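A.B. asks: Below you'll find upload.csv; it's CSV, C-alpha atoms.
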chain,number,residue,atom,x,y,z
A,1,MET,CA,14.4,-10.7,-1.6
A,2,HIS,CA,12.6,-8.1,0.5
A,3,GLY,CA,15.6,-6.0,1.4
A,4,GLY,CA,14.9,-3.2,-1.1
A,5,ARG,CA,11.2,-3.1,-0.2
A,6,GLY,CA,12.1,-3.0,3.5
A,7,VAL,CA,14.1,0.2,3.0
A,8,GLY,CA,11.3,1.8,1.0
A,9,THR,CA,8.8,0.9,3.7
A,10,LEU,CA,11.0,2.1,6.5
A,11,LEU,CA,11.5,5.4,4.7
A,12,LEU,CA,7.7,5.8,4.1
A,13,TYR,CA,7.1,5.2,7.8
A,14,SER,CA,9.8,7.6,8.9
A,15,VAL,CA,8.5,10.4,6.8
A,16,THR,CA,4.9,9.7,7.9
A,17,VAL,CA,5.7,9.6,11.6
A,18,ALA,CA,7.9,12.7,11.3
A,19,LEU,CA,5.3,14.7,9.5
A,20,LEU,CA,2.6,13.5,11.8
A,21,GLY,CA,4.7,14.6,14.8
A,22,ILE,CA,5.3,18.1,13.3
A,23,SER,CA,1.6,18.4,12.5
A,24,TYR,CA,0.5,17.4,16.0
A,25,PHE,CA,3.0,19.8,17.5
A,26,LYS,CA,1.7,22.7,15.3
A,27,ASP,CA,-2.0,22.0,15.5
A,28,ARG,CA,-3.7,19.1,17.3
A,29,ASP,CA,-7.2,19.7,15.8
A,30,LYS,CA,-5.9,19.8,12.3
A,31,THR,CA,-4.0,16.6,12.9
A,32,LYS,CA,-7.1,14.9,14.3
A,33,ARG,CA,-9.0,16.0,11.2
A,34,ALA,CA,-6.3,14.6,9.0
A,35,LEU,CA,-6.4,11.3,10.6
A,36,LEU,CA,-10.2,11.1,10.4
A,37,LYS,CA,-10.0,11.9,6.8
A,38,ALA,CA,-7.4,9.2,6.2
A,39,LEU,CA,-9.6,6.7,8.0
A,40,LYS,CA,-12.7,7.8,6.0
A,41,ALA,CA,-10.9,7.6,2.7
A,42,LEU,CA,-9.5,4.2,3.5
A,43,GLU,CA,-12.9,2.8,4.6
A,44,ASN,CA,-14.4,4.2,1.5
A,45,ILE,CA,-12.2,2.2,-0.9
A,46,LEU,CA,-12.0,-0.9,1.4
A,47,PRO,CA,-14.6,-3.0,-0.4
A,48,GLN,CA,-12.8,-2.6,-3.7
A,49,PHE,CA,-9.4,-3.3,-2.1
A,50,LEU,CA,-10.7,-6.5,-0.5
A,51,VAL,CA,-11.9,-7.8,-3.9
A,52,VAL,CA,-8.5,-7.0,-5.4
A,53,ILE,CA,-6.7,-8.9,-2.6
A,54,LEU,CA,-8.8,-12.0,-3.2
A,55,LEU,CA,-8.4,-11.8,-7.0
A,56,VAL,CA,-4.6,-11.4,-6.6
A,57,GLY,CA,-4.5,-14.4,-4.4
A,58,MET,CA,-6.3,-16.5,-6.9
A,59,LEU,CA,-4.1,-15.3,-9.8
A,60,MET,CA,-0.9,-15.7,-7.9
A,61,ALA,CA,-1.8,-19.3,-7.1
A,62,LEU,CA,-2.4,-19.9,-10.8
A,63,PHE,CA,0.6,-18.1,-12.1
A,64,ASP,CA,3.5,-18.9,-9.9
A,65,ALA,CA,7.1,-18.6,-11.2
A,66,GLU,CA,7.0,-22.2,-12.6
A,67,ALA,CA,3.9,-21.6,-14.5
A,68,ILE,CA,5.2,-18.3,-15.9
A,69,THR,CA,8.5,-20.0,-17.0
A,70,SER,CA,6.6,-22.7,-18.9
A,71,LEU,CA,4.6,-20.0,-20.6
A,72,ILE,CA,7.4,-17.7,-21.7
A,73,GLY,CA,10.4,-20.0,-21.9
A,74,ILE,CA,12.9,-20.5,-24.7
A,75,ASP,CA,11.8,-19.8,-28.2
A,76,SER,CA,8.3,-19.0,-27.2
A,77,GLY,CA,8.5,-16.3,-29.9
A,78,VAL,CA,5.7,-13.8,-30.7
A,79,PHE,CA,3.2,-16.1,-28.9
A,80,GLY,CA,5.5,-15.8,-25.8
A,81,VAL,CA,5.6,-12.0,-26.0
A,82,VAL,CA,1.8,-11.9,-26.2
A,83,LEU,CA,1.5,-14.3,-23.3
A,84,SER,CA,4.0,-12.2,-21.3
A,85,LEU,CA,2.0,-9.1,-21.9
A,86,LEU,CA,-1.2,-10.8,-20.8
A,87,VAL,CA,0.3,-12.4,-17.7
A,88,GLY,CA,2.0,-9.1,-16.8
A,89,SER,CA,-1.3,-7.3,-17.2
A,90,VAL,CA,-3.4,-9.6,-14.9
A,91,THR,CA,-0.8,-10.2,-12.2
A,92,LEU,CA,0.1,-7.9,-9.4
A,93,ILE,CA,3.5,-8.6,-8.0
A,94,PRO,CA,5.6,-6.0,-6.1
A,95,GLY,CA,8.6,-4.8,-8.0
A,96,PHE,CA,11.0,-6.1,-5.4
A,97,VAL,CA,9.7,-9.6,-6.0
A,98,ALA,CA,9.1,-9.2,-9.8
A,99,PHE,CA,12.7,-8.4,-10.7
A,100,PRO,CA,14.3,-11.4,-9.0
A,101,THR,CA,11.6,-13.5,-10.6
A,102,ALA,CA,12.4,-12.0,-14.0
A,103,ALA,CA,16.1,-12.6,-13.5
A,104,MET,CA,15.3,-16.2,-12.7
A,105,LEU,CA,13.1,-16.5,-15.7
A,106,LEU,CA,16.0,-15.2,-17.9
A,107,GLN,CA,18.2,-17.9,-16.4
A,108,GLY,CA,15.5,-20.4,-17.1
A,109,GLY,CA,15.7,-19.5,-20.7
A,110,ALA,CA,13.1,-16.8,-21.3
A,111,GLY,CA,14.0,-14.1,-23.8
A,112,TYR,CA,14.7,-10.5,-23.0
A,113,THR,CA,11.8,-9.4,-25.3
A,114,GLN,CA,9.4,-11.5,-23.4
A,115,ILE,CA,10.7,-10.3,-20.0
A,116,GLY,CA,10.5,-6.7,-21.2
A,117,ALA,CA,6.9,-7.3,-22.1
A,118,PHE,CA,6.2,-8.9,-18.8
A,119,ILE,CA,7.9,-6.3,-16.6
A,120,SER,CA,6.4,-3.3,-18.4
A,121,SER,CA,2.9,-4.6,-18.4
A,122,LEU,CA,3.2,-5.8,-14.9
A,123,MET,CA,4.0,-2.3,-13.7
A,124,MET,CA,1.8,-0.2,-15.9
A,125,VAL,CA,-1.3,-2.3,-16.6
A,126,GLY,CA,-3.7,-3.3,-13.8
A,127,VAL,CA,-6.5,-5.6,-14.7
A,128,VAL,CA,-7.3,-6.8,-11.2
A,129,THR,CA,-7.1,-3.3,-9.7
A,130,PHE,CA,-9.7,-2.2,-12.2
A,131,PRO,CA,-12.4,-1.9,-9.4
A,132,VAL,CA,-10.1,0.4,-7.4
A,133,GLU,CA,-9.0,2.5,-10.3
A,134,LYS,CA,-12.6,2.9,-11.6
A,135,ARG,CA,-13.8,4.4,-8.3
A,136,TYR,CA,-11.4,7.3,-8.8
A,137,PHE,CA,-11.1,7.6,-12.5
A,138,GLY,CA,-14.4,6.3,-13.9
A,139,VAL,CA,-14.7,3.5,-16.4
A,140,LYS,CA,-13.6,5.3,-19.6
A,141,LEU,CA,-10.4,6.8,-18.3
A,142,THR,CA,-9.5,3.5,-16.6
A,143,LEU,CA,-10.0,1.6,-19.8
A,144,LEU,CA,-8.1,4.0,-21.9
A,145,ARG,CA,-5.2,4.3,-19.5
A,146,ASN,CA,-4.8,0.6,-19.4
A,147,VAL,CA,-5.1,0.1,-23.1
A,148,PHE,CA,-2.4,2.7,-23.7
A,149,ALA,CA,-0.2,1.2,-21.1
A,150,PHE,CA,-0.6,-2.2,-22.8
A,151,LEU,CA,0.2,-0.8,-26.2
A,152,PHE,CA,3.2,1.0,-24.8
A,153,SER,CA,4.5,-2.2,-23.2
A,154,ILE,CA,4.6,-3.7,-26.7
A,155,VAL,CA,6.9,-0.9,-27.8
A,156,VAL,CA,9.1,-1.4,-24.7
A,157,ALA,CA,9.3,-5.1,-25.4
A,158,LEU,CA,10.4,-4.6,-29.0
A,159,ALA,CA,13.0,-2.0,-28.0
A,160,ILE,CA,14.4,-4.2,-25.3
A,161,GLY,CA,14.5,-7.0,-27.8
A,162,MET,CA,16.5,-4.9,-30.2
A,163,VAL,CA,18.9,-3.4,-27.7
A,164,MET,CA,19.6,-6.9,-26.3
A,165,GLY,CA,20.2,-8.2,-29.8
A,166,GLU,CA,17.3,-10.6,-30.1
A,167,LEU,CA,15.4,-8.8,-32.8
B,1,MET,CA,-25.7,-5.5,8.6
B,2,LYS,CA,-27.7,-4.8,5.5
B,3,TYR,CA,-25.4,-1.8,4.8
B,4,PHE,CA,-22.4,-4.1,5.2
B,5,VAL,CA,-23.7,-6.7,2.8
B,6,LYS,CA,-24.6,-4.1,0.2
B,7,ARG,CA,-21.3,-2.4,0.4
B,8,TYR,CA,-19.2,-5.6,0.5
B,9,LYS,CA,-21.4,-7.5,-2.0
B,10,MET,CA,-18.6,-8.0,-4.6
B,11,PHE,CA,-16.1,-9.0,-1.9
B,12,LEU,CA,-18.6,-11.6,-0.5
B,13,ILE,CA,-19.3,-13.0,-4.0
B,14,VAL,CA,-15.6,-13.4,-4.8
B,15,LEU,CA,-15.0,-15.0,-1.3
B,16,VAL,CA,-17.7,-17.6,-2.0
B,17,LEU,CA,-16.2,-18.2,-5.5
B,18,MET,CA,-12.9,-18.8,-3.8
B,19,GLY,CA,-14.5,-21.1,-1.3
B,20,ILE,CA,-15.9,-23.2,-4.3
B,21,PHE,CA,-12.4,-23.1,-5.8
B,22,PHE,CA,-11.1,-24.5,-2.5
B,23,ILE,CA,-13.6,-27.4,-2.6
B,24,PHE,CA,-12.7,-28.4,-6.1
B,25,ASP,CA,-8.9,-28.1,-5.8
B,26,ARG,CA,-7.8,-28.0,-2.2
B,27,ASN,CA,-4.2,-27.4,-3.0
B,28,LEU,CA,-4.8,-24.5,-5.3
B,29,GLY,CA,-7.4,-23.1,-3.0
B,30,ARG,CA,-5.1,-23.1,0.0
B,31,MET,CA,-2.4,-21.5,-2.1
B,32,ALA,CA,-4.8,-18.8,-3.2
B,33,PHE,CA,-5.7,-17.9,0.4
B,34,GLU,CA,-2.0,-18.0,1.4
B,35,LYS,CA,-1.1,-15.6,-1.5
B,36,ALA,CA,-4.0,-13.4,-0.6
B,37,GLY,CA,-2.6,-13.3,2.9
B,38,PHE,CA,0.7,-12.2,1.5
B,39,THR,CA,-1.0,-9.3,-0.4
B,40,VAL,CA,-2.9,-8.4,2.8
B,41,LYS,CA,0.3,-8.1,4.7
B,42,GLU,CA,1.8,-5.9,2.0
B,43,MET,CA,-1.3,-3.7,1.9
B,44,LEU,CA,-1.4,-3.5,5.7
B,45,PHE,CA,2.2,-2.2,5.7
B,46,VAL,CA,2.1,0.2,2.8
B,47,ILE,CA,-1.5,1.5,2.6
B,48,PRO,CA,-2.0,3.1,6.1
B,49,PRO,CA,1.0,5.5,5.9
B,50,ILE,CA,-0.1,6.5,2.4
B,51,PHE,CA,-3.6,7.4,3.7
B,52,VAL,CA,-2.2,9.3,6.7
B,53,LEU,CA,0.1,11.3,4.4
B,54,LEU,CA,-3.0,12.0,2.2
B,55,GLY,CA,-4.9,13.2,5.2
B,56,LEU,CA,-2.1,15.5,6.2
B,57,LEU,CA,-1.8,16.8,2.7
B,58,ASP,CA,-5.5,17.5,2.6
B,59,VAL,CA,-5.6,19.6,5.7
B,60,TRP,CA,-2.2,21.4,5.5
B,61,ILE,CA,-1.7,22.2,1.9
B,62,PRO,CA,-4.2,24.9,0.7
B,63,ARG,CA,-5.8,24.4,-2.7
B,64,GLU,CA,-4.2,27.6,-4.0
B,65,THR,CA,-0.7,26.3,-3.2
B,66,MET,CA,-1.3,23.0,-5.0
B,67,MET,CA,-2.8,24.9,-8.0
B,68,ARG,CA,0.1,27.3,-8.2
B,69,PHE,CA,2.6,24.3,-8.2
B,70,MET,CA,0.7,21.8,-10.3
B,71,GLY,CA,-2.5,23.4,-11.6
B,72,GLU,CA,-3.6,24.6,-15.0
B,73,GLU,CA,-1.0,27.4,-15.2
B,74,SER,CA,1.9,25.5,-13.6
B,75,GLY,CA,3.6,24.7,-16.9
B,76,LEU,CA,6.9,22.8,-16.9
B,77,LYS,CA,7.2,23.1,-13.2
B,78,GLY,CA,4.0,21.2,-12.7
B,79,VAL,CA,5.0,18.4,-15.0
B,80,LEU,CA,8.4,18.1,-13.3
B,81,LEU,CA,6.9,18.0,-9.9
B,82,ALA,CA,4.3,15.4,-10.9
B,83,PHE,CA,7.2,13.3,-12.3
B,84,LEU,CA,9.3,13.7,-9.1
B,85,LEU,CA,6.5,13.0,-6.7
B,86,GLY,CA,5.5,9.9,-8.6
B,87,SER,CA,9.1,8.7,-8.8
B,88,ALA,CA,9.7,9.3,-5.1
B,89,ALA,CA,6.7,7.2,-4.1
B,90,ALA,CA,6.6,3.9,-2.3
B,91,GLY,CA,4.1,1.2,-2.8
B,92,PRO,CA,2.1,-0.5,-5.5
B,93,LEU,CA,0.2,1.4,-8.2
B,94,TYR,CA,-3.2,1.1,-6.5
B,95,GLY,CA,-1.8,3.3,-3.7
B,96,ALA,CA,-1.4,6.1,-6.3
B,97,PHE,CA,-5.1,6.4,-7.1
B,98,PRO,CA,-6.2,7.8,-3.7
B,99,VAL,CA,-3.3,10.3,-4.0
B,100,ALA,CA,-4.5,11.3,-7.4
B,101,SER,CA,-8.0,11.7,-5.9
B,102,VAL,CA,-6.7,14.3,-3.4
B,103,PHE,CA,-4.8,16.0,-6.2
B,104,MET,CA,-8.0,16.4,-8.2
B,105,ARG,CA,-9.7,18.0,-5.2
B,106,LYS,CA,-6.8,20.4,-4.8
B,107,GLY,CA,-7.1,21.5,-8.5
B,108,VAL,CA,-4.1,19.8,-10.0
B,109,LYS,CA,-4.1,19.8,-13.8
B,110,PHE,CA,-5.5,16.6,-15.3
B,111,SER,CA,-2.4,15.8,-17.5
B,112,ASN,CA,-0.2,16.3,-14.5
B,113,ILE,CA,-2.2,13.8,-12.5
B,114,LEU,CA,-1.7,11.3,-15.4
B,115,VAL,CA,2.1,12.0,-15.4
B,116,PHE,CA,2.1,11.3,-11.7
B,117,ILE,CA,0.3,8.0,-12.2
B,118,GLY,CA,2.7,7.0,-15.0
B,119,SER,CA,5.8,7.8,-13.0
B,120,TRP,CA,4.4,6.1,-9.9
B,121,SER,CA,3.8,3.0,-12.0
B,122,THR,CA,7.2,2.6,-13.5
B,123,THR,CA,9.9,5.1,-12.7
B,124,LYS,CA,10.0,4.8,-8.9
B,125,ILE,CA,13.6,5.6,-8.0
B,126,PRO,CA,14.3,2.7,-5.5
B,127,LEU,CA,12.8,0.3,-8.0
B,128,VAL,CA,14.9,1.6,-10.9
B,129,LEU,CA,18.0,1.0,-8.8
B,130,PHE,CA,16.8,-2.4,-8.0
B,131,GLU,CA,16.1,-3.1,-11.7
B,132,VAL,CA,19.7,-2.1,-12.6
B,133,GLU,CA,20.9,-4.6,-10.0
B,134,ALA,CA,18.7,-7.5,-11.0
B,135,MET,CA,18.4,-7.0,-14.8
B,136,GLY,CA,21.5,-5.1,-15.8
B,137,VAL,CA,22.2,-1.5,-16.8
B,138,LYS,CA,21.3,-2.0,-20.4
B,139,PHE,CA,17.9,-3.4,-19.7
B,140,ALA,CA,17.0,-0.9,-17.0
B,141,LEU,CA,18.2,2.2,-18.9
B,142,THR,CA,16.5,1.2,-22.1
B,143,ARG,CA,13.2,1.0,-20.2
B,144,LEU,CA,13.8,4.2,-18.4
B,145,ALA,CA,14.8,6.1,-21.6
B,146,LEU,CA,11.5,4.9,-23.1
B,147,ASN,CA,9.4,5.3,-20.1
B,148,ILE,CA,10.1,9.0,-19.5
B,149,PRO,CA,8.8,10.2,-23.0
B,150,GLY,CA,6.2,7.3,-22.9
B,151,ILE,CA,4.6,8.6,-19.7
B,152,LEU,CA,4.4,12.1,-21.1
B,153,ILE,CA,2.9,11.0,-24.4
B,154,ILE,CA,0.3,8.8,-22.7
B,155,ALA,CA,-0.6,11.5,-20.3
B,156,TRP,CA,-1.0,14.2,-23.0
B,157,THR,CA,-2.8,11.8,-25.4
B,158,LEU,CA,-5.3,10.8,-22.8
B,159,SER,CA,-6.0,14.4,-21.8
B,160,ALA,CA,-6.5,15.3,-25.5
B,161,LEU,CA,-8.9,12.3,-26.0
B,162,LEU,CA,-11.2,13.2,-23.2
B,163,SER,CA,-13.5,16.2,-23.6
B,164,ASP,CA,-13.5,19.0,-20.9
B,165,ARG,CA,-16.9,17.7,-19.8
B,166,GLN,CA,-15.6,14.1,-19.3
B,167,ILE,CA,-12.6,15.4,-17.3
B,168,GLN,CA,-15.0,17.5,-15.2
B,169,GLU,CA,-17.0,14.3,-14.5
B,170,ILE,CA,-13.9,12.5,-13.4
B,171,TYR,CA,-13.0,15.4,-11.0
B,172,SER,CA,-16.6,15.3,-9.6
B,173,LEU,CA,-16.1,11.6,-8.8
B,174,ASN,CA,-13.5,12.8,-6.3
B,175,THR,CA,-15.2,15.6,-4.5
B,176,GLU,CA,-15.4,15.6,-0.7
B,177,LYS,CA,-18.8,14.1,-0.7
B,178,HIS,CA,-17.7,11.0,-2.5
B,179,ILE,CA,-14.4,10.3,-0.8
If you took the structure in this file and wrote it as structure tokens, what would it be?
C.D. replies:
Amino acid sequence: MHGGRGVGTLLLYSVTVALLGISYFKDRDKTKRALLKALKALENILPQFLVVILLVGMLMALFDAEAITSLIGIDSGVFGVVLSLLVGSVTLIPGFVAFPTAAMLLQGGAGYTQIGAFISSLMMVGVVTFPVEKRYFGVKLTLLRNVFAFLFSIVVALAIGMVMGEL
Amino acid sequence: MKYFVKRYKMFLIVLVLMGIFFIFDRNLGRMAFEKAGFTVKEMLFVIPPIFVLLGLLDVWIPRETMMRFMGEESGLKGVLLAFLLGSAAAGPLYGAFPVASVFMRKGVKFSNILVFIGSWSTTKIPLVLFEVEAMGVKFALTRLALNIPGILIIAWTLSALLSDRQIQEIYSLNTEKHI
């Protein structure tokens, strides 16, 4: 389940270590400054990150795969699509866990339209990460971006439904 | 101590709420802490390298260079670069915001920042490949075919909706002083 993510993380680390090495080799002072900046930026957003972590924990405990299946199962219809959008918006699941979950939901009888809504809103809409996003983007842009991403997810869901022959 | 409490006020409130949650429903409460632990692990792995890369970008790439490649006058090149950088990213969407913050400081065009956020959220290359595998080609390609224009339309619409002054205010949230 985590194979794909492992590769991505490994790549991220390799690139970071390589660049850090080159940077250190070229200019120690600059490298030190870069690391201090990284630390400062991280500490700056840490309070918001910690809140997000806790909220995610709570939501994930409430919406496990079983709960999601019961919400967006067979013939859940328009109601199911709306629920999928909402569940996708409030949850924060890494893609490498989300796709196997979605495939499982499909086998469990969920429709492609609902799954399309869930996947798209999961990736693009972030309700729990609002405190983090707001720090960088301000309230108005954060709200607008998420509203647009939500509306766009409806379009994606409908298109998936049509392509998959459900609508 | 007072500084800590003030800065981490929200965190402490949510922590207490979770504690209450735990008292009323032990099972659910325990699961919530376990899942939070899972997210902590993910963040511990992915977040530090992203911030280190950010620090390096900040000290090594001059503002002029970033502006030439992705600034107001960068045209199609800037849009493409924003798309590619977002798609090559690793990690969850909340990792993209600090990157966007440095981009703002380096004078990257607003709509390009939004394109970057959009592509980070949903057209990451490793994830698309994984999607093909898990959900099938038809599903994944339909989404990709919609996402590419969708990201651009959302980015340009948002830029058009906000006034120059509002955009300026967002950039000023991300000056050296604040971050």
A.B. asks: Would you list which chain A residues are within 6 Å of chain B using all atoms listed in the file, as a list in words?
C.D. replies: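 Interface list for chain A against chain B: Ala34, Leu35, Lys37, Ala38, Ala41, Pro47, Val51, Ile53, Leu54, Gly57, Met58, Ala61, Met123, Met124 and Phe137 of chain A.
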A.B. asks: Can you tell me how far CA of Gly116 in chain A sits from CA of Thr9 in chain A, in Å to one decimal?
C.D. replies: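 Value for the CA of Gly116 in chain A-CA of Thr9 in chain A distance: 26.1 Å.
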A.B. asks: Calculated over all atoms listed in the file, which of the candidates A:Phe150, A:Phe118, A:Tyr13, A:Tyr136 has the smallest distance to Ala98 in chain A?
C.D. replies: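 The answer is A:Phe118, which sits nearest to Ala98 in chain A.
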A.B. asks: Could you please determine the separation between CA of Val132 in chain A and CA of Phe22 in chain B in Å, to one decimal place?
C.D. replies: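 So the two atoms, CA of Val132 in chain A and CA of Phe22 in chain B, lie 25.4 Å apart.
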A.B. asks: To one decimal place in Å, what is the distance between CA of Phe116 in chain B and CA of Leu84 in chain B?
C.D. replies: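 Value for the CA of Phe116 in chain B-CA of Leu84 in chain B distance: 8.0 Å.
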A.B. asks: Skip Val90 in chain A itself and residues of its chain fewer than 3 positions away, then list as a list of chain:residue names all residues within 10 Å of it, counting all atoms listed in the file.
C.D. replies: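 Answer for this query is A:Leu55, A:Val56, A:Leu59, A:Met60, A:Phe63, A:Leu85, A:Leu86, A:Val87, A:Ile93, A:Ser121, A:Leu122, A:Val125, A:Gly126, A:Val127, A:Val128, A:Thr129.
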A.B. asks: Using all atoms listed in the file, which residues sit within 12 Å of Leu81 in chain B once same-chain residues fewer than 5 positions away are excluded, as a ChimeraX atom specification?
C.D. replies: /B:66,68-71,74-76,86-88,108-109,112-113,115-116,119
A.B. asks: Using all atoms listed in the file, which of A:Pro100, A:Pro94, A:Pro131, A:Gly109 sits nearest Ile72 in chain A?
C.D. replies: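 Ranked by minimum distance to Ile72 in chain A, first place goes to A:Gly109.
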A.B. asks: As JSON, please: the centre and edge lengths in Å, to one decimal, of an axis-aligned box enclosing every listed atom of range 15-18 of chain B with 5 Å added on each side.
C.D. replies:
{"center_x": -15.3, "center_y": -16.9, "center_z": -3.4, "size_x": 14.8, "size_y": 13.8, "size_z": 14.2}
A.B. asks: Nearest residue to Arg105 in chain B out of B:Ala160, B:Phe83, B:Ile125, B:Thr175, using only C-alpha atoms?
C.D. replies: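 When distances to Arg105 in chain B are compared using only C-alpha atoms, the smallest one comes from B:Thr175.
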A.B. asks: Using only C-alpha atoms, determine which residues lie at most 12 Å from range 76-80 of chain A, disregarding the query and same-chain residues fewer than 6 positions distant; provide the list as an MDAnalysis selection string.
C.D. replies: chainID A and resid 68:70 86:88 109:118 154 157:158 161 166:167
A.B. asks: Identify which of the residues B:Leu152, B:Pro62, B:Ser163, B:Lys77 lies closest to Ala149 in chain A, counting all atoms listed in the file when measuring atom-to-atom distances.
C.D. replies: B:Leu152
